[in-house]
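Q: Sharing a structure with you now.
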Amino acid sequence: MPLPAPASPRRRAHVRRIEIEGFLREDGLYELDASLNDVKDVDYPLASGLRPAGVPVHLMRVRVTLDAAFNIVDAHACSDGVPYPGQCDTIGPAYRKLIGLNLVRGFRRTVGEMFADVRGCTHLTELLLSLPTAAIQTFATFRRDNEDSPEKPFQLDRCHALESSAEAVQRYYPRWHRPAGRSG
């Protein structure tokens, strides 16, 4: 079901694009390349000078390299478009601290703590919050989602549609279906 029509005529002012690409490397590791791009549809006056319409106010990029257990083994961040050149674009090296974190075990909370306030860039940190689900989708490319395995499929009990007692689990993952009120 699509969004309802706008309640009033409107004119677009801003576009934020977040893009994440997942790769399988020849050495068996995985990489996620992520970018956040903010663009205004009008000329935008900043303290650092006028940003013409269509020129990114923010263009942030992150690359993380992962092993098969979702552990980050390498990380890079850069800021190619920033509102305060010479300032915003100097924080990238701080994001090397991502190395050693696991994308699916407490990642969002840890990132929020590690890079809160002036310890990081709001936009880079926000971009990182999309990486766990993008990693899962990248890994899923190479696995059947209902393959016969002794381990419960990763995606179960991680969203409302795939809660163990849900109809979708009963239909597509009957082995793992549990009556409501019983965890498994």
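Ordered as shown in the structure tokens, chains take letters A, B, and onward, while each chain numbers its residues from 1 and ligands are numbered from 1 in the order shown.
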I'd like the contact shell of Glu31 in chain A - 10 Å cut-off, only C-alpha atoms, skipping same-chain residues fewer than 5 positions apart - returned as a PyMOL selection string.

A: chain A and resi 21-25+63-67+72-75+135+138

Q: Keeping only N, CA, C and O atoms, write the selected residues to a file as a compact mmCIF listing (two decimals), in the first residue's frame.

A:
# COMPACT_ATOMS: atom_id res chain seq x y z
N GLU A 21 26.40 -0.96 -0.98
CA GLU A 21 26.67 -2.05 -1.90
C GLU A 21 27.45 -3.12 -1.14
O GLU A 21 28.39 -2.81 -0.42
N GLY A 22 27.04 -4.37 -1.33
CA GLY A 22 27.71 -5.49 -0.68
C GLY A 22 28.49 -6.31 -1.69
O GLY A 22 28.00 -6.55 -2.80
N PHE A 23 29.68 -6.72 -1.31
CA PHE A 23 30.58 -7.45 -2.20
C PHE A 23 31.12 -8.70 -1.52
O PHE A 23 31.39 -8.68 -0.31
N LEU A 24 31.34 -9.74 -2.29
CA LEU A 24 32.10 -10.91 -1.85
C LEU A 24 33.45 -10.81 -2.53
O LEU A 24 33.55 -10.74 -3.75
N ARG A 25 34.50 -10.76 -1.72
CA ARG A 25 35.86 -10.64 -2.26
C ARG A 25 36.39 -12.02 -2.66
O ARG A 25 35.93 -13.05 -2.18
N ARG A 63 33.65 2.15 4.21
CA ARG A 63 33.86 0.77 3.73
C ARG A 63 34.25 -0.07 4.93
O ARG A 63 35.18 0.28 5.66
N VAL A 64 33.52 -1.17 5.13
CA VAL A 64 33.91 -2.14 6.15
C VAL A 64 34.14 -3.48 5.48
O VAL A 64 33.44 -3.85 4.54
N THR A 65 35.16 -4.17 5.96
CA THR A 65 35.48 -5.53 5.48
C THR A 65 35.10 -6.48 6.61
O THR A 65 35.45 -6.25 7.77
N LEU A 66 34.40 -7.56 6.25
CA LEU A 66 33.84 -8.49 7.22
C LEU A 66 34.30 -9.91 6.95
O LEU A 66 34.46 -10.30 5.80
N ASP A 67 34.42 -10.69 8.03
CA ASP A 67 34.62 -12.13 7.85
C ASP A 67 33.24 -12.80 7.86
O ASP A 67 32.21 -12.13 7.99
N ILE A 72 34.16 -7.18 11.90
CA ILE A 72 34.81 -6.16 11.07
C ILE A 72 36.32 -6.35 11.18
O ILE A 72 36.88 -6.25 12.27
N VAL A 73 36.95 -6.63 10.04
CA VAL A 73 38.40 -6.84 10.03
C VAL A 73 39.15 -5.64 9.44
O VAL A 73 40.37 -5.55 9.57
N ASP A 74 38.42 -4.72 8.81
CA ASP A 74 39.03 -3.49 8.30
C ASP A 74 37.92 -2.46 8.14
O ASP A 74 36.76 -2.83 7.92
N ALA A 75 38.26 -1.19 8.25
CA ALA A 75 37.27 -0.12 8.14
C ALA A 75 37.93 1.17 7.69
O ALA A 75 39.05 1.49 8.12
N ALA A 135 24.50 -6.03 5.60
CA ALA A 135 25.41 -7.18 5.66
C ALA A 135 24.62 -8.48 5.61
O ALA A 135 24.98 -9.42 4.89
N THR A 138 23.55 -9.05 2.16
CA THR A 138 24.68 -9.45 1.33
C THR A 138 25.01 -10.92 1.54
O THR A 138 25.14 -11.69 0.58

Q: Enumerate, as a ChimeraX atom specification, the complete set of residues in range 59-184 of chain A that a backbone-based DSSP assignment places in helix (DSSP H, G or I).

A: /A:88-90,92-98,107-114,117-119,122-128,131-140,160-162,167-172,174-176

Q: Rounded to one decimal place, report the CA of Asp157 in chain A-CA of Gly100 in chain A distance in Å.

A: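 We find that CA of Asp157 in chain A and CA of Gly100 in chain A lie 25.6 Å from each other.
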
Q: Where does range 56-94 of chain A meet range 110-130 of chain A within 10 Å, residue by residue, with the nearest atom pair and distance in Å to one decimal for each, counting only C-alpha atoms, listed by chain and rising number, as CSV?

A:
residue,atom,partner,partner_atom,distance
A:His58,CA,A:His123,CA,8.0
A:Leu59,CA,A:His123,CA,9.1
A:Met60,CA,A:Leu124,CA,6.3
A:Arg61,CA,A:Leu124,CA,7.4
A:Val62,CA,A:Leu124,CA,7.5
A:Arg63,CA,A:Leu128,CA,9.7
A:Val64,CA,A:Leu128,CA,9.5
A:Ala77,CA,A:Leu124,CA,7.7
A:Cys78,CA,A:Leu124,CA,8.5
A:Ser79,CA,A:Leu124,CA,8.3
A:Cys88,CA,A:Cys121,CA,7.4
A:Asp89,CA,A:Cys121,CA,9.1
A:Thr90,CA,A:Cys121,CA,9.7
A:Ile91,CA,A:Gly120,CA,6.5
A:Gly92,CA,A:Gly120,CA,8.4
A:Pro93,CA,A:Gly120,CA,9.9
A:Ala94,CA,A:Gly120,CA,7.2

Q: Write a file of the selected residues as a short mmCIF file (atom, residue, chain, number, x, y, z; two decimals), in the first residue's frame, keeping C-alpha atoms.

A:
data_model
loop_
_atom_site.label_atom_id
_atom_site.label_comp_id
_atom_site.auth_asym_id
_atom_site.auth_seq_id
_atom_site.Cartn_x
_atom_site.Cartn_y
_atom_site.Cartn_z
CA HIS A 58 27.27 16.01 2.73
CA LEU A 59 28.95 13.18 0.84
CA MET A 60 30.19 10.64 3.36
CA ARG A 61 31.55 7.18 2.57
CA VAL A 62 32.35 4.13 4.67
CA ARG A 63 33.86 0.77 3.73
CA VAL A 64 33.91 -2.14 6.15
CA ALA A 77 35.64 6.39 6.36
CA CYS A 78 35.96 9.60 4.41
CA SER A 79 34.00 12.79 3.91
CA CYS A 88 34.34 17.82 9.03
CA ASP A 89 36.63 15.91 6.71
CA THR A 90 39.25 15.15 9.38
CA ILE A 91 37.27 12.63 11.49
CA GLY A 92 37.53 9.67 9.08
CA PRO A 93 40.49 7.98 10.80
CA ALA A 94 38.52 7.73 14.08
#

Q: Could you check the closest approach to Thr133 in chain A for each of A:Phe70, A:Tyr44, A:Tyr173, A:Tyr84 and tell me which residue wins, using only C-alpha atoms?

A: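 Selected residue with least distance to Thr133 in chain A: A:Phe70.
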